[in-house]
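First up is the structure itself, then whatever we jot down about it.
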Amino acid sequence: MKILLMGPPGAGKGSQSAKLVKEYQLTSISTGEMFREAARNNEPLGIEAMKYIHRGDLVSDEITNEVVRKRLLESDAERCFLLDGYPRTVSQAQALDAMLLSMDSKLTAVINIVVDKEAILERMVGRRVCKKCGLTYHVSFKPPKKPGICDDCGGELYQRVDDQPESVRNRLNIYERKTKPIVDYYSGRGILKNVDGMQSFEEVYKDIINALGEVQ
Ligand code: AP5
């Protein structure tokens, strides 16, 4: 399985990807998470990326493509992986095609999670993430048992810097202009499936599994 999970910010990519990765033992490649981890470790990459992430802008294609290229060359990404948040521009999609071709590989499925614009702001403003294990919660839709504490590892929950309303609006604009055209880029290859992301977590997951069954 070489899967790309796409959709607007807050569509539920991270939530669904966590379950898919666990269930199917896939290697998770999330560019957003890679940038945040580099920032937590005070690495130059993370410090540079955070300048863009704070504002809700995209990190440059050049930096992002290089991060993914290196990650795809690691042995655990050879057989199966799940890409979340990359590619995000047509230029990144072209770069990914070239990388995979040079590795004699290709995507086997592209899952596009579709959600209403109105739901996105509410989802993102209420999102809380575990500092320790990265698990995602929502204050109303998926609250932790104890407020502010991760059910799984007991870590402290925090709000992402780019989940402030102004940053979210910018991310949505960028999604419409730069990322949405990728749907057209992949349609026609017979591997793109749209999934309704306005359903419950469980129903979205079930539809993703069904969609994967149709294209694999
Ligand atoms: P990234 O981390 O990839 O963020 P994103 O794509 O904007 O997506 P999110 O993580 O915000 O949302 P999600 O779809 O994963 O939703 P989640 O499951 O958390 O990127 C962050 C930044 O890094 C970018 O803005 C950019 O600056 C940079 N970057 C990353 N990749 C890049 C690239 N390729 N090129 C350039 N720059 C890049 O869910 C959201 C909330 O909703 C949660 O609280 C969740 O509990 C809730 N929720 C989820 N599903 C449901 C449901 N079915 N019902 C009710 N609530 C739900």
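Chain lettering (A, B, ...) mirrors the order of the structure tokens, residue numbering begins at 1 for each chain separately, and ligand numbering begins at 1 in order of display.
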All residues 8 Å or closer to A:Lys132, only C-alpha atoms, same chain fewer than 4 positions away omitted, as JSON, numbers by chain: {"A": [153, 155, 156]}
Site check for ligand 1: residues at most 7 Å away, only C-alpha atoms and all ligand atoms, as a PyMOL selection string: chain A and resi 7-16+30-33+35+52-53+56-61+64+84-88+123-124+126-128+136-138+141-142+171+197-201+204
Would you output that residue set with N, CA and C atoms, as a short mmCIF file (atom, residue, chain, number, x, y, z; two decimals), in the first residue's frame?
data_model
loop_
_atom_site.label_atom_id
_atom_site.label_comp_id
_atom_site.auth_asym_id
_atom_site.auth_seq_id
_atom_site.Cartn_x
_atom_site.Cartn_y
_atom_site.Cartn_z
N GLY A 7 -6.82 16.36 1.71
CA GLY A 7 -8.04 17.05 2.14
C GLY A 7 -7.63 18.36 2.77
N PRO A 8 -8.59 19.26 2.97
CA PRO A 8 -8.25 20.57 3.54
C PRO A 8 -7.76 20.46 4.99
N PRO A 9 -7.18 21.54 5.52
CA PRO A 9 -6.79 21.53 6.92
C PRO A 9 -8.00 21.17 7.78
N GLY A 10 -7.80 20.31 8.74
CA GLY A 10 -8.90 19.95 9.64
C GLY A 10 -9.86 18.91 9.08
N ALA A 11 -9.54 18.34 7.92
CA ALA A 11 -10.44 17.35 7.31
C ALA A 11 -10.49 16.05 8.12
N GLY A 12 -9.44 15.83 8.91
CA GLY A 12 -9.38 14.59 9.68
C GLY A 12 -8.27 13.67 9.18
N LYS A 13 -7.35 14.21 8.41
CA LYS A 13 -6.27 13.38 7.84
C LYS A 13 -5.43 12.75 8.95
N GLY A 14 -5.02 13.57 9.92
CA GLY A 14 -4.17 13.08 11.01
C GLY A 14 -4.90 12.03 11.85
N SER A 15 -6.18 12.29 12.16
CA SER A 15 -6.96 11.36 12.99
C SER A 15 -7.10 10.01 12.28
N GLN A 16 -7.44 10.04 10.99
CA GLN A 16 -7.64 8.79 10.25
C GLN A 16 -6.30 8.10 9.98
N SER A 30 4.22 12.33 7.52
CA SER A 30 3.42 13.56 7.63
C SER A 30 4.39 14.73 7.66
N THR A 31 4.36 15.55 6.61
CA THR A 31 5.32 16.66 6.55
C THR A 31 5.08 17.66 7.69
N GLY A 32 3.80 17.91 8.01
CA GLY A 32 3.50 18.83 9.11
C GLY A 32 4.13 18.33 10.41
N GLU A 33 3.96 17.02 10.68
CA GLU A 33 4.50 16.44 11.91
C GLU A 33 6.04 16.45 11.89
N PHE A 35 7.94 18.65 10.40
CA PHE A 35 8.37 20.03 10.67
C PHE A 35 8.22 20.35 12.16
N TYR A 52 6.93 29.92 8.65
CA TYR A 52 5.79 29.84 7.73
C TYR A 52 4.55 29.28 8.45
N ILE A 53 4.78 28.22 9.23
CA ILE A 53 3.66 27.52 9.87
C ILE A 53 2.87 28.46 10.79
N GLY A 56 0.46 30.27 8.89
CA GLY A 56 -0.43 29.43 8.09
C GLY A 56 0.00 29.36 6.64
N ASP A 57 1.23 29.82 6.33
CA ASP A 57 1.76 29.75 4.96
C ASP A 57 2.40 28.39 4.71
N LEU A 58 2.66 28.10 3.44
CA LEU A 58 3.34 26.84 3.11
C LEU A 58 4.86 27.00 3.22
N VAL A 59 5.51 25.97 3.68
CA VAL A 59 6.97 25.92 3.64
C VAL A 59 7.35 25.75 2.16
N SER A 60 8.54 26.22 1.76
CA SER A 60 8.87 26.20 0.33
C SER A 60 8.88 24.77 -0.24
N ASP A 61 8.57 24.68 -1.53
CA ASP A 61 8.58 23.37 -2.20
C ASP A 61 9.97 22.75 -2.11
N THR A 64 10.54 21.27 1.35
CA THR A 64 9.62 20.16 1.62
C THR A 64 9.95 18.94 0.76
N ASP A 84 0.70 12.03 4.43
CA ASP A 84 -0.34 12.92 4.97
C ASP A 84 0.20 14.35 4.92
N GLY A 85 -0.43 15.19 4.09
CA GLY A 85 -0.01 16.59 4.02
C GLY A 85 1.04 16.86 2.95
N TYR A 86 1.38 15.88 2.17
CA TYR A 86 2.32 16.03 1.06
C TYR A 86 1.87 15.10 -0.06
N PRO A 87 1.81 15.54 -1.31
CA PRO A 87 2.10 16.88 -1.82
C PRO A 87 0.98 17.87 -1.54
N ARG A 88 1.32 19.15 -1.58
CA ARG A 88 0.36 20.21 -1.29
C ARG A 88 0.33 21.27 -2.38
N ARG A 123 -13.62 22.74 13.93
CA ARG A 123 -12.77 21.58 14.22
C ARG A 123 -11.38 22.01 14.67
N MET A 124 -10.85 23.04 13.99
CA MET A 124 -9.46 23.39 14.27
C MET A 124 -9.29 24.21 15.53
N GLY A 126 -11.06 23.92 18.11
CA GLY A 126 -11.27 23.03 19.26
C GLY A 126 -10.28 21.89 19.35
N ARG A 127 -9.33 21.86 18.42
CA ARG A 127 -8.39 20.74 18.42
C ARG A 127 -7.37 20.87 19.56
N ARG A 128 -7.04 19.77 20.19
CA ARG A 128 -5.97 19.71 21.19
C ARG A 128 -5.10 18.50 20.84
N THR A 136 -4.50 13.23 18.68
CA THR A 136 -5.35 14.42 18.50
C THR A 136 -6.71 14.25 19.16
N TYR A 137 -7.15 15.31 19.84
CA TYR A 137 -8.47 15.32 20.48
C TYR A 137 -9.23 16.54 19.98
N HIS A 138 -10.50 16.62 20.38
CA HIS A 138 -11.29 17.83 20.13
C HIS A 138 -12.11 18.08 21.40
N PHE A 141 -15.87 17.20 20.06
CA PHE A 141 -16.14 16.00 19.26
C PHE A 141 -15.37 14.76 19.72
N LYS A 142 -14.22 14.99 20.38
CA LYS A 142 -13.44 13.84 20.87
C LYS A 142 -12.69 14.28 22.13
N ARG A 171 -4.72 29.36 5.95
CA ARG A 171 -4.47 27.99 5.48
C ARG A 171 -5.57 27.53 4.52
N GLY A 197 -16.04 13.43 4.61
CA GLY A 197 -15.44 13.63 5.92
C GLY A 197 -16.36 14.27 6.93
N MET A 198 -17.64 14.48 6.55
CA MET A 198 -18.59 15.12 7.48
C MET A 198 -19.29 14.09 8.36
N GLN A 199 -18.91 12.84 8.24
CA GLN A 199 -19.53 11.79 9.05
C GLN A 199 -18.73 11.60 10.35
N SER A 200 -19.16 10.63 11.16
CA SER A 200 -18.43 10.35 12.41
C SER A 200 -17.04 9.80 12.08
N PHE A 201 -16.13 9.83 13.07
CA PHE A 201 -14.77 9.28 12.88
C PHE A 201 -14.85 7.86 12.31
N VAL A 204 -16.13 7.63 8.64
CA VAL A 204 -15.11 8.09 7.69
C VAL A 204 -14.08 6.97 7.51
#
Spatial neighbours of A:Ala93, 12 Å, only C-alpha atoms, chain gap at least 4 places, as a PyMOL selection string: chain A and resi 4+6+61+64-65+68+83+85-89+97-100+106-107+110+178-186
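Near A:Leu212, within a cut-off of 8 Å and counting only C-alpha atoms, sit the residues Ala109, Ile111, Ile208, Ile209, Val215 and Gln216 of chain A, with same-chain residues fewer than 3 positions away left out.
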Test item: residues at most 7 Å from A:Asn194, only C-alpha atoms, excluding those fewer than 6 positions along its chain, as a VMD selection string: chain A and resid 111 to 114
Using only C-alpha atoms: which of A:Lys146, A:His54, A:Arg36, A:Arg69 has the shortest distance to A:Gly134: A:Arg36
Spatial neighbours of A:Leu73, max dist 12 Å, only C-alpha atoms, sep filter under 5 positions, as a ChimeraX atom specification: /A:29,66-68,78-79,81,99-100,102-105
Save the residues we just selected, N, CA and C atoms, as a PDB file, in the first residue's frame?
ATOM      1  N   ILE A  29       4.201   9.207   6.851  1.00  0.00           N
ATOM      2  CA  ILE A  29       5.046  10.329   6.434  1.00  0.00           C
ATOM      3  C   ILE A  29       4.163  11.576   6.412  1.00  0.00           C
ATOM      4  N   GLU A  66      12.766  18.030  -0.417  1.00  0.00           N
ATOM      5  CA  GLU A  66      14.004  17.408   0.035  1.00  0.00           C
ATOM      6  C   GLU A  66      13.776  16.548   1.290  1.00  0.00           C
ATOM      7  N   VAL A  67      12.924  17.071   2.193  1.00  0.00           N
ATOM      8  CA  VAL A  67      12.598  16.328   3.419  1.00  0.00           C
ATOM      9  C   VAL A  67      11.922  14.996   3.058  1.00  0.00           C
ATOM     10  N   VAL A  68      10.991  15.049   2.107  1.00  0.00           N
ATOM     11  CA  VAL A  68      10.257  13.838   1.725  1.00  0.00           C
ATOM     12  C   VAL A  68      11.174  12.874   0.958  1.00  0.00           C
ATOM     13  N   GLU A  78      10.043   1.570   2.117  1.00  0.00           N
ATOM     14  CA  GLU A  78      10.212   0.883   0.837  1.00  0.00           C
ATOM     15  C   GLU A  78       8.931   0.189   0.368  1.00  0.00           C
ATOM     16  N   ARG A  79       8.261  -0.513   1.307  1.00  0.00           N
ATOM     17  CA  ARG A  79       7.121  -1.341   0.897  1.00  0.00           C
ATOM     18  C   ARG A  79       5.768  -0.644   1.017  1.00  0.00           C
ATOM     19  N   PHE A  81       3.669   2.940   2.674  1.00  0.00           N
ATOM     20  CA  PHE A  81       3.687   4.201   3.416  1.00  0.00           C
ATOM     21  C   PHE A  81       2.365   4.921   3.251  1.00  0.00           C
ATOM     22  N   MET A  99      10.286  11.331  -7.907  1.00  0.00           N
ATOM     23  CA  MET A  99      10.994  10.561  -6.859  1.00  0.00           C
ATOM     24  C   MET A  99      10.592   9.092  -6.916  1.00  0.00           C
ATOM     25  N   LEU A 100       9.268   8.854  -7.004  1.00  0.00           N
ATOM     26  CA  LEU A 100       8.778   7.472  -6.983  1.00  0.00           C
ATOM     27  C   LEU A 100       9.238   6.712  -8.229  1.00  0.00           C
ATOM     28  N   SER A 102      11.947   7.186  -9.877  1.00  0.00           N
ATOM     29  CA  SER A 102      13.367   6.853  -9.744  1.00  0.00           C
ATOM     30  C   SER A 102      13.570   5.683  -8.778  1.00  0.00           C
ATOM     31  N   MET A 103      12.533   5.412  -7.952  1.00  0.00           N
ATOM     32  CA  MET A 103      12.622   4.279  -7.012  1.00  0.00           C
ATOM     33  C   MET A 103      11.840   3.082  -7.554  1.00  0.00           C
ATOM     34  N   ASP A 104      11.403   3.188  -8.812  1.00  0.00           N
ATOM     35  CA  ASP A 104      10.608   2.148  -9.441  1.00  0.00           C
ATOM     36  C   ASP A 104       9.334   1.851  -8.636  1.00  0.00           C
ATOM     37  N   SER A 105       8.707   2.916  -8.180  1.00  0.00           N
ATOM     38  CA  SER A 105       7.547   2.792  -7.306  1.00  0.00           C
ATOM     39  C   SER A 105       6.456   3.748  -7.777  1.00  0.00           C
TER      40      SER A 105
END
Residue among A:Ala18, A:Ala49, A:Ile191, A:Ile120 lying closest to A:Met1, counting only C-alpha atoms: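 When distances to A:Met1 are compared using only C-alpha atoms, the smallest one comes from A:Ile191.
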Residues near A:Leu82, cut-off 7 Å, only C-alpha atoms, skip fewer than 5 positions along chain, as a PyMOL selection string: chain A and resi 2-4+26-29
Can I get the selection written as a PDB file, in the first residue's frame, with N, CA and C atoms?
ATOM      1  N   LYS A   2       0.666   2.103  -0.966  1.00  0.00           N
ATOM      2  CA  LYS A   2       1.365   3.392  -0.991  1.00  0.00           C
ATOM      3  C   LYS A   2       0.282   4.454  -1.157  1.00  0.00           C
ATOM      4  N   ILE A   3      -0.117   4.982  -0.011  1.00  0.00           N
ATOM      5  CA  ILE A   3      -1.336   5.784   0.020  1.00  0.00           C
ATOM      6  C   ILE A   3      -1.036   7.257   0.241  1.00  0.00           C
ATOM      7  N   LEU A   4      -1.815   8.105  -0.443  1.00  0.00           N
ATOM      8  CA  LEU A   4      -1.796   9.540  -0.170  1.00  0.00           C
ATOM      9  C   LEU A   4      -3.164   9.905   0.395  1.00  0.00           C
ATOM     10  N   LEU A  26       1.610   0.712   8.403  1.00  0.00           N
ATOM     11  CA  LEU A  26       2.156   1.548   7.337  1.00  0.00           C
ATOM     12  C   LEU A  26       3.174   2.517   7.945  1.00  0.00           C
ATOM     13  N   THR A  27       4.111   2.961   7.146  1.00  0.00           N
ATOM     14  CA  THR A  27       5.036   3.999   7.588  1.00  0.00           C
ATOM     15  C   THR A  27       4.379   5.351   7.355  1.00  0.00           C
ATOM     16  N   SER A  28       4.219   6.100   8.442  1.00  0.00           N
ATOM     17  CA  SER A  28       3.550   7.397   8.328  1.00  0.00           C
ATOM     18  C   SER A  28       4.546   8.476   7.906  1.00  0.00           C
ATOM     19  N   ILE A  29       4.201   9.207   6.851  1.00  0.00           N
ATOM     20  CA  ILE A  29       5.046  10.329   6.434  1.00  0.00           C
ATOM     21  C   ILE A  29       4.163  11.576   6.412  1.00  0.00           C
TER      22      ILE A  29
END
Option closest in space to A:Pro147, from A:Val129, A:Asn41, A:Arg169, A:Gly188 [counting only C-alpha atoms]: A:Val129
Atom CA of A:Arg40 to atom CA of A:Arg55, distance in Å rounded to a single decimal: 17.6 Å
Which of stretch 53-173 of chain A DSSP labels helix (DSSP H, G or I), written as number ranges by chain: A: 53-55, 61-72, 75-77, 90-102, 117-125, 161-163, 165-173
